[in-house]
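Novice: Here you go, data.txt (compact mmCIF, C-alpha atoms and all ligand atoms):
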# COMPACT_ATOMS: atom_id res chain seq x y z
CA MET A 17 91.88 81.84 90.64
CA SER A 18 88.87 80.23 89.03
CA MET A 19 87.98 80.47 85.35
CA LEU A 20 85.70 83.33 84.46
CA ALA A 21 82.90 82.89 81.93
CA PHE A 22 81.74 86.01 80.18
CA GLU A 23 81.24 87.44 76.72
CA LEU A 24 83.55 90.21 75.57
CA GLU A 25 82.29 92.95 73.28
CA ARG A 26 84.68 95.35 71.60
CA PRO A 27 82.71 98.27 70.18
CA ARG A 28 84.61 100.43 67.63
CA ASP A 29 82.91 103.72 68.42
CA LEU A 30 81.11 105.47 71.25
CA ALA A 31 77.59 105.05 69.83
CA SER A 32 78.12 101.26 69.54
CA ALA A 33 79.46 101.12 73.10
CA VAL A 34 76.34 102.84 74.44
CA GLU A 35 74.15 100.63 72.25
CA SER A 36 75.90 97.51 73.54
CA LEU A 37 75.54 98.60 77.16
CA GLY A 38 71.86 99.39 76.60
CA ARG A 39 71.17 96.05 74.90
CA HIS A 40 72.59 93.98 77.77
CA GLY A 41 71.34 96.17 80.63
CA SER A 42 72.38 95.04 84.10
CA ARG A 43 74.05 91.89 82.68
CA ALA A 44 76.86 94.06 81.30
CA MET A 45 79.76 96.00 82.81
CA LEU A 46 82.25 98.35 81.24
CA LYS A 47 85.92 97.50 81.17
CA ALA A 48 88.59 100.17 80.66
CA GLY A 49 92.01 98.93 81.86
CA GLY A 50 90.28 96.10 83.68
CA THR A 51 92.58 96.26 86.71
CA ASP A 52 89.64 96.61 89.08
CA VAL A 53 86.89 94.86 87.21
CA ILE A 54 88.79 91.61 86.54
CA VAL A 55 89.93 91.43 90.18
CA TRP A 56 86.35 91.99 91.37
CA MET A 57 85.13 89.22 89.03
CA HIS A 58 87.70 86.78 90.38
CA LYS A 59 86.54 87.63 93.92
CA HIS A 60 82.90 87.22 92.83
CA ALA A 61 82.22 90.76 94.00
CA VAL A 62 80.62 91.34 90.58
CA GLN A 63 79.34 88.78 88.05
CA PRO A 64 78.74 90.43 84.68
CA GLU A 65 77.78 88.12 81.81
CA VAL A 66 79.08 90.64 79.28
CA LEU A 67 82.11 92.91 79.45
CA VAL A 68 82.00 95.91 77.14
CA ASP A 69 85.65 96.69 76.49
CA LEU A 70 86.26 100.38 75.82
CA SER A 71 89.82 100.06 74.56
CA GLU A 72 88.93 100.27 70.83
CA VAL A 73 86.70 103.32 71.12
CA PRO A 74 88.63 106.20 69.54
CA GLU A 75 86.51 108.95 71.15
CA LEU A 76 87.79 107.91 74.58
CA GLY A 77 91.52 108.31 74.01
CA GLY A 78 93.88 111.21 74.50
CA ILE A 79 94.72 114.05 76.84
CA SER A 80 94.37 117.66 75.75
CA PHE A 81 95.35 120.86 77.50
CA TYR A 82 93.79 124.27 76.90
CA PRO A 83 95.54 127.00 78.94
CA HIS A 84 92.29 128.74 79.95
CA ARG A 85 89.92 125.81 80.20
CA GLY A 86 92.18 123.18 81.73
CA ILE A 87 93.20 119.60 81.08
CA LYS A 88 90.80 117.12 79.49
CA ILE A 89 91.54 113.49 80.26
CA GLY A 90 90.02 110.89 77.92
CA ALA A 91 88.43 107.89 79.59
CA MET A 92 91.06 105.52 78.17
CA ALA A 93 94.06 107.70 79.15
CA THR A 94 96.21 105.59 81.43
CA VAL A 95 97.53 106.60 84.83
CA ASN A 96 101.00 106.55 83.30
CA GLN A 97 100.08 108.81 80.36
CA VAL A 98 98.54 111.39 82.69
CA GLY A 99 101.35 111.14 85.24
CA THR A 100 103.99 111.87 82.61
CA HIS A 101 102.05 114.50 80.64
CA GLU A 102 104.08 117.71 80.41
CA ASP A 103 101.20 120.17 80.97
CA ALA A 104 99.93 118.08 83.88
CA ARG A 105 103.42 118.20 85.39
CA VAL A 106 103.54 121.98 85.15
CA HIS A 107 99.98 122.86 86.23
CA TYR A 108 98.50 119.88 88.09
CA GLY A 109 100.95 118.78 90.78
CA ALA A 110 98.38 116.90 92.87
CA LEU A 111 97.14 114.96 89.83
CA VAL A 112 100.66 113.92 88.84
CA ASP A 113 101.62 113.00 92.43
CA ALA A 114 98.49 110.85 92.64
CA CYS A 115 99.30 109.08 89.34
CA LEU A 116 102.85 108.37 90.47
CA SER A 117 101.68 107.02 93.83
CA HIS A 118 99.27 104.60 92.09
CA SER A 119 100.32 100.89 92.06
CA ASP A 120 103.48 100.21 90.03
CA PRO A 121 104.72 101.09 86.52
CA LEU A 122 103.20 97.97 84.92
CA ILE A 123 99.71 98.47 86.30
CA ARG A 124 99.89 102.22 85.63
CA ASN A 125 100.27 101.34 81.93
CA LYS A 126 96.87 99.61 81.91
CA ALA A 127 94.85 101.32 84.64
CA THR A 128 92.99 104.46 83.61
CA VAL A 129 92.52 107.65 85.60
CA VAL A 130 88.81 107.80 84.78
CA GLY A 131 88.38 104.09 85.68
CA ASN A 132 89.91 104.81 89.08
CA VAL A 133 87.35 107.52 89.71
CA CYS A 134 84.40 105.51 88.29
CA ALA A 135 85.33 102.54 90.49
CA ALA A 136 84.67 104.89 93.45
CA VAL A 137 86.69 102.82 95.91
CA PRO A 138 87.24 105.16 98.90
CA SER A 139 91.03 104.66 98.79
CA GLY A 140 91.21 105.46 95.03
CA ASP A 141 94.29 107.65 94.63
CA LEU A 142 92.87 109.94 91.93
CA ILE A 143 89.76 110.86 93.89
CA PRO A 144 91.24 113.56 96.19
CA ALA A 145 92.94 115.21 93.19
CA PHE A 146 89.66 115.28 91.24
CA SER A 147 88.06 116.91 94.32
CA VAL A 148 90.55 119.75 94.73
CA TYR A 149 90.59 120.59 91.01
CA GLU A 150 86.76 120.44 90.99
CA ALA A 151 86.69 118.16 87.97
CA VAL A 152 83.75 117.92 85.59
CA MET A 153 82.80 114.49 84.25
CA HIS A 154 81.64 114.47 80.61
CA VAL A 155 79.14 111.68 80.12
CA TYR A 156 77.39 110.14 77.09
CA GLY A 157 74.46 107.76 77.18
CA PRO A 158 71.00 106.88 75.88
CA GLY A 159 69.80 110.39 76.83
CA GLY A 160 72.67 112.14 75.03
CA GLU A 161 75.50 114.16 76.57
CA ARG A 162 75.65 115.67 80.03
CA ASP A 163 78.21 116.96 82.53
CA ILE A 164 78.37 115.90 86.17
CA ALA A 165 80.27 118.00 88.73
CA PHE A 166 82.74 115.77 90.53
CA ALA A 167 81.23 116.76 93.89
CA ASP A 168 78.04 114.95 92.75
CA PHE A 169 79.72 112.04 90.99
CA ILE A 170 80.67 109.62 93.77
CA THR A 171 77.66 108.74 95.89
CA GLY A 172 79.14 106.03 98.13
CA PRO A 173 81.67 103.19 98.21
CA ARG A 174 81.78 101.75 94.65
CA LYS A 175 78.78 103.87 93.68
CA ASN A 176 78.62 106.68 91.17
CA SER A 177 75.81 108.76 89.79
CA LEU A 178 75.91 107.43 86.20
CA ALA A 179 72.49 106.40 84.92
CA PRO A 180 72.09 102.93 83.35
CA GLY A 181 73.78 102.86 79.94
CA GLU A 182 75.94 105.95 80.54
CA ILE A 183 79.67 106.09 79.88
CA VAL A 184 82.19 108.67 81.06
CA VAL A 185 83.81 110.01 77.88
CA SER A 186 86.35 112.30 79.55
CA ALA A 187 86.92 114.54 82.55
CA THR A 188 88.04 118.18 82.59
CA LEU A 189 90.08 119.55 85.46
CA PRO A 190 89.71 123.34 85.19
CA MET A 191 92.91 125.36 85.25
CA PRO A 192 93.68 126.62 88.80
CA SER A 193 93.43 130.41 88.88
CA GLY A 194 96.49 132.62 89.35
CA ARG A 195 99.73 131.13 90.58
CA SER A 196 99.18 127.72 92.06
CA ALA A 197 100.89 124.83 93.80
CA ALA A 198 99.48 121.43 94.65
CA CYS A 199 100.47 118.05 96.00
CA TYR A 200 99.05 114.66 96.95
CA ILE A 201 100.49 112.73 99.85
CA LYS A 202 99.61 109.07 100.23
CA LEU A 203 100.21 107.09 103.35
CA GLY A 204 100.45 103.41 102.49
CA ARG A 205 101.58 100.53 104.64
CA ARG A 206 104.58 98.88 103.08
CA ASN A 207 105.14 99.29 99.38
CA ALA A 208 103.97 100.83 96.16
CA LEU A 209 101.18 98.30 95.63
CA ASP A 210 99.44 99.27 98.85
CA LEU A 211 96.16 101.09 98.74
CA ALA A 212 96.09 104.35 100.67
CA GLN A 213 95.42 104.31 104.42
CA VAL A 214 95.02 108.04 104.12
CA GLY A 215 95.46 110.28 101.08
CA VAL A 216 95.53 114.08 101.16
CA ALA A 217 95.40 116.45 98.18
CA CYS A 218 96.10 120.14 98.65
CA LEU A 219 95.80 122.93 96.08
CA ALA A 220 96.96 126.45 96.95
CA MET A 221 96.16 129.36 94.63
CA GLN A 222 97.39 132.92 94.78
CA GLY A 223 94.66 135.11 93.32
CA SER A 224 93.60 138.73 93.57
CA LYS A 225 91.99 138.07 96.98
CA GLY A 226 95.12 136.46 98.39
CA ALA A 227 95.90 132.82 99.04
CA GLU A 228 93.11 130.24 98.70
CA TYR A 229 93.40 126.59 99.70
CA ARG A 230 91.52 123.45 98.79
CA LEU A 231 91.92 120.23 100.78
CA ALA A 232 90.48 116.79 99.98
CA TYR A 233 90.90 113.39 101.59
CA GLY A 234 90.87 109.78 100.47
CA ALA A 235 90.30 106.50 102.37
CA VAL A 236 88.80 108.29 105.38
CA SER A 237 85.11 108.46 104.47
CA PRO A 238 82.60 106.66 102.24
CA ARG A 239 82.40 109.65 99.88
CA PRO A 240 85.15 112.11 98.90
CA VAL A 241 85.51 114.89 101.49
CA ARG A 242 86.57 118.51 101.13
CA ALA A 243 87.60 120.11 104.43
CA ALA A 244 85.67 123.38 103.95
CA GLU A 245 86.29 124.70 107.46
CA ALA A 246 90.02 124.03 107.24
CA GLU A 247 90.05 125.78 103.85
CA ASP A 248 88.37 128.83 105.42
CA ILE A 249 90.85 128.91 108.31
CA LEU A 250 93.77 128.99 105.87
CA ALA A 251 92.25 131.46 103.39
CA GLY A 252 94.31 134.63 102.95
CA SER A 253 97.42 133.24 104.58
CA GLU A 254 100.43 132.90 102.26
CA SER A 255 102.68 131.44 104.94
CA PRO A 256 100.52 129.82 107.62
CA ASP A 257 102.31 129.57 110.99
CA GLU A 258 102.24 126.54 113.31
CA ALA A 259 99.18 127.73 115.22
CA LEU A 260 97.16 128.22 112.04
CA LEU A 261 98.34 124.89 110.62
CA ASP A 262 97.23 123.20 113.86
CA ARG A 263 93.78 124.78 113.71
CA ALA A 264 93.38 123.76 110.07
CA ALA A 265 94.60 120.22 110.80
CA LYS A 266 92.07 119.81 113.64
CA ALA A 267 89.27 121.15 111.44
CA ALA A 268 90.26 118.66 108.73
CA ALA A 269 90.14 115.74 111.19
CA ALA A 270 86.66 116.88 112.23
CA ALA A 271 85.52 116.80 108.59
CA VAL A 272 86.40 113.15 107.92
CA ASN A 273 84.87 109.97 109.28
CA PRO A 274 87.30 107.08 108.91
CA ILE A 275 86.55 103.46 109.67
CA THR A 276 88.83 100.84 111.17
CA ASP A 277 89.74 98.16 108.62
CA VAL A 278 92.58 95.76 107.86
CA ARG A 279 94.77 98.62 106.68
CA ALA A 280 94.49 101.03 109.64
CA GLY A 281 92.47 101.99 112.72
CA ARG A 282 90.18 104.99 113.01
CA GLU A 283 92.26 106.87 115.62
CA TYR A 284 95.45 106.34 113.64
CA ARG A 285 93.78 107.60 110.47
CA LEU A 286 92.51 110.71 112.30
CA SER A 287 95.97 111.58 113.61
CA MET A 288 97.43 111.01 110.13
CA VAL A 289 94.82 113.34 108.60
CA GLU A 290 96.11 116.05 110.94
CA GLU A 291 99.76 115.31 110.27
CA LEU A 292 99.38 115.06 106.47
CA THR A 293 97.28 118.23 106.38
CA ARG A 294 100.06 120.19 108.10
CA ARG A 295 102.60 118.69 105.72
CA ALA A 296 100.62 119.18 102.50
CA VAL A 297 99.66 122.78 103.30
CA SER A 298 103.27 123.64 104.23
CA ILE A 299 104.60 122.14 100.99
CA CYS A 300 102.07 124.06 98.85
CA ALA A 301 102.57 127.35 100.74
CA GLU A 302 106.33 127.08 100.28
CA ARG A 303 105.98 126.36 96.58
CA LEU A 304 103.51 129.18 96.17
CA THR A 305 105.80 131.78 97.74
CA GLY A 306 108.88 130.33 95.99
CA ARG A 307 109.51 130.18 92.29
CA GLU A 308 108.12 126.80 91.49
CA SER A 309 104.57 126.66 90.13
CA ARG A 310 103.14 123.17 90.35
C1 LIG B 401 97.91 95.04 91.86
C2 LIG B 401 96.99 96.23 91.89
C3 LIG B 401 97.43 97.41 92.50
C4 LIG B 401 96.59 98.53 92.56
N1 LIG B 401 97.05 99.65 93.17
C5 LIG B 401 96.25 100.74 93.24
C6 LIG B 401 96.72 101.94 93.86
O1 LIG B 401 97.85 102.05 94.33
N2 LIG B 401 95.86 102.99 93.94
C7 LIG B 401 94.59 102.93 93.46
O2 LIG B 401 93.87 103.91 93.56
N3 LIG B 401 94.13 101.81 92.83
C8 LIG B 401 94.92 100.73 92.73
N4 LIG B 401 94.45 99.59 92.12
C9 LIG B 401 93.06 99.55 91.60
C10 LIG B 401 92.94 99.88 90.09
O3 LIG B 401 94.15 99.65 89.43
C11 LIG B 401 92.54 101.33 89.84
O4 LIG B 401 91.35 101.68 90.47
C12 LIG B 401 92.47 101.67 88.34
O5 LIG B 401 92.82 103.02 88.16
C13 LIG B 401 91.14 101.39 87.69
O6 LIG B 401 91.22 101.71 86.32
P1 LIG B 401 90.89 100.64 85.18
O7 LIG B 401 91.00 101.35 83.89
O8 LIG B 401 91.70 99.42 85.34
O9 LIG B 401 89.35 100.34 85.56
P2 LIG B 401 88.43 99.09 85.21
O10 LIG B 401 88.78 97.95 86.09
O11 LIG B 401 88.40 98.84 83.76
O12 LIG B 401 87.02 99.71 85.67
C14 LIG B 401 86.78 100.10 87.01
C15 LIG B 401 85.30 100.42 87.19
O13 LIG B 401 84.98 101.64 86.52
C16 LIG B 401 84.01 101.41 85.50
N5 LIG B 401 84.43 102.21 84.36
C17 LIG B 401 85.66 102.22 83.77
N6 LIG B 401 85.71 103.12 82.78
C18 LIG B 401 84.49 103.71 82.74
C19 LIG B 401 83.92 104.74 81.92
N7 LIG B 401 84.62 105.35 80.94
N8 LIG B 401 82.64 105.10 82.16
C20 LIG B 401 81.92 104.52 83.15
N9 LIG B 401 82.40 103.55 83.95
C21 LIG B 401 83.68 103.15 83.74
C22 LIG B 401 84.02 99.92 85.25
O14 LIG B 401 82.78 99.45 84.79
C23 LIG B 401 84.34 99.39 86.64
O15 LIG B 401 83.19 99.37 87.43
C24 LIG B 401 95.28 98.47 92.00
C25 LIG B 401 94.86 97.29 91.36
C26 LIG B 401 95.70 96.19 91.29
C27 LIG B 401 95.23 94.95 90.58
Taking this structure as input, can you express it in the form of structure tokens?

Specialist:
Amino acid sequence: MSMLAFELERPRDLASAVESLGRHGSRAMLKAGGTDVIVWMHKHAVQPEVLVDLSEVPELGGISFYPHRGIKIGAMATVNQVGTHEDARVHYGALVDACLSHSDPLIRNKATVVGNVCAAVPSGDLIPAFSVYEAVMHVYGPGGERDIAFADFITGPRKNSLAPGEIVVSATLPMPSGRSAACYIKLGRRNALDLAQVGVACLAMQGSKGAEYRLAYGAVSPRPVRAAEAEDILAGSESPDEALLDRAAKAAAAAVNPITDVRAGREYRLSMVEELTRRAVSICAERLTGRESR
């Protein structure tokens, strides 16, 4: 790897971080854990002259859980902190599964959940979980505070809807309603360090109107995808039978648009979307009708 030349700024509060980003404009990039940004710099995919390191900004730390509102994940909360958080374990199964399928224990100690989502790489493991929980991104920038619904946050590969100078402060994943169960299944190639070839998050909720399902996919389209038609097919069914699972799986495959790349071919990805949909829905339906609430 070649030497990298850049200036490092370490703001001590959020206002200084925004000021720093504003002062350097397009010459600057934010660094949270740095596990993406440093790799991209070495590959010359990005060439910032200034890195604004967020690790000393106290407003960005922490994870808090409010039983009615949900879990709020600070921008500097690591994948490991979220993956081992007790309330996340109890109420956000797909989030925890996604954290534990991310990289390896060393990288999980540096990499942040919010950085994963901001990076907007289509195979990002946290993206399907943020989709099914319908996360809200809390943003601060030169124009003050605003919230961005996760459905509007990722606009394309490595593109998000932050305006110049804006920083994600935290993200809230609202509490699923009623009894719920969720999982994330990642298909990688060989080992833990592999990026997903296909990732599927499923959230099943048992409310007053019966069972409701949410399904989201990673690595199979340029933007995050919810399989709305598959969700409709499954709605109301506590224990979907094989025929219903098949219909939902086919509808899910019709909702995605995978490419062929070095990790997998399009046809293979489509058949895996079907297979993982059947598996994820079955797991959640079983947990929902059983005792476990995850
Ligand atoms: C060996 C290795 C294995 C990996 N394995 C996986 C894996 O299994 N699954 C996976 O999904 N990823 C994997 N990654 C990629 C990377 O680790 C993750 O995407 C990670 O979660 C990114 O978080 P970070 O804090 O390191 O982000 P950074 O690299 O610090 O930032 C990523 C991007 O987000 C922006 N950003 C960060 N924080 C904010 C913020 N608060 N507001 C606005 N923009 C922000 C940065 O400017 C940058 O563009 C791997 C990387 C390596 C090096």

Novice: Measuring between only C-alpha atoms, which one of A:Ser253, A:Gln97, A:Ser42, A:Ser287 shows the shortest distance to Ala268 of chain A?

Specialist: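 Of the candidates, the smallest distance to Ala268 of chain A is held by A:Ser287.
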
Novice: Residues contacting ligand LIG 401 (chain B) - anything with an atom at most 8 Å away, using only C-alpha atoms and all ligand atoms - can you give me those as a PyMOL selection string?

Specialist: chain A and resi 45-55+70+76+91-92+94-95+117-120+123-124+126-137+139-142+155+174+178+182-186+208-212

Novice: What does the distance from atom CA of Pro144 of chain A to atom CA of Val236 of chain A come to in Å, to one decimal?

Specialist: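 About the pair atom CA of Pro144 of chain A and atom CA of Val236 of chain A: they are 10.9 Å apart.
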
Novice: Can you pull out every residue within 8 Å of Arg239 of chain A, counting all atoms listed in the file, but drop anything in the same chain fewer than 4 positions away, and send it as a ChimeraX atom specification?

Specialist: /A:138,170-173

Novice: For the residues in that selection, give me C-alpha atoms as a compact mmCIF listing (two decimals), keeping the file's coordinate frame.

Specialist:
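Once written, out.txt looks like this:
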# COMPACT_ATOMS: atom_id res chain seq x y z
CA PRO A 138 87.24 105.16 98.90
CA ILE A 170 80.67 109.62 93.77
CA THR A 171 77.66 108.74 95.89
CA GLY A 172 79.14 106.03 98.13
CA PRO A 173 81.67 103.19 98.21

Novice: With distances taken over only C-alpha atoms, which residue among A:Arg105, A:Ile87, A:Val216, A:Ala93 lies nearest Val152 of chain A?

Specialist: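 Smallest separation from Val152 of chain A among the options: A:Ile87.
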
Novice: Please measure the separation of atom CA of Pro180 of chain A and atom CA of Ala151 of chain A, giving the value in Å to one decimal.

Specialist: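 A separation of 21.6 Å between them.
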
Novice: With only C-alpha atoms as the atoms that count, which of A:Ala271, A:Pro240, A:Gly41, A:Val297 lies nearest to Pro256 of chain A?

Specialist: A:Val297

Novice: Dig up all the protein and nucleic acid residues within 6 Å of (95.6, 130.7, 100.7) in the file frame, using only C-alpha atoms, and format them as a PyMOL selection string.

Specialist: chain A and resi 220+227-229+250-254

Novice: Find the distance between atom CA of Pro64 of chain A and atom CA of Phe22 of chain A and write it in Å to one decimal.

Specialist: 7.0 Å

Novice: Leaving out Pro190 of chain A and any residue of its chain fewer than 3 positions from it, which residues lie within 8 Å of it when counting all atoms listed in the file, given as a PyMOL selection string?

Specialist: chain A and resi 84-87+149-151

Novice: Please identify all polymer residues within 8 Å of segment 25-37 of chain A, counting all atoms listed in the file, omitting same-chain residues fewer than 2 positions from it, and present them as an MDAnalysis selection string.

Specialist: chainID A and resid 23 39:41 44:46 66:76 156:158 181:183
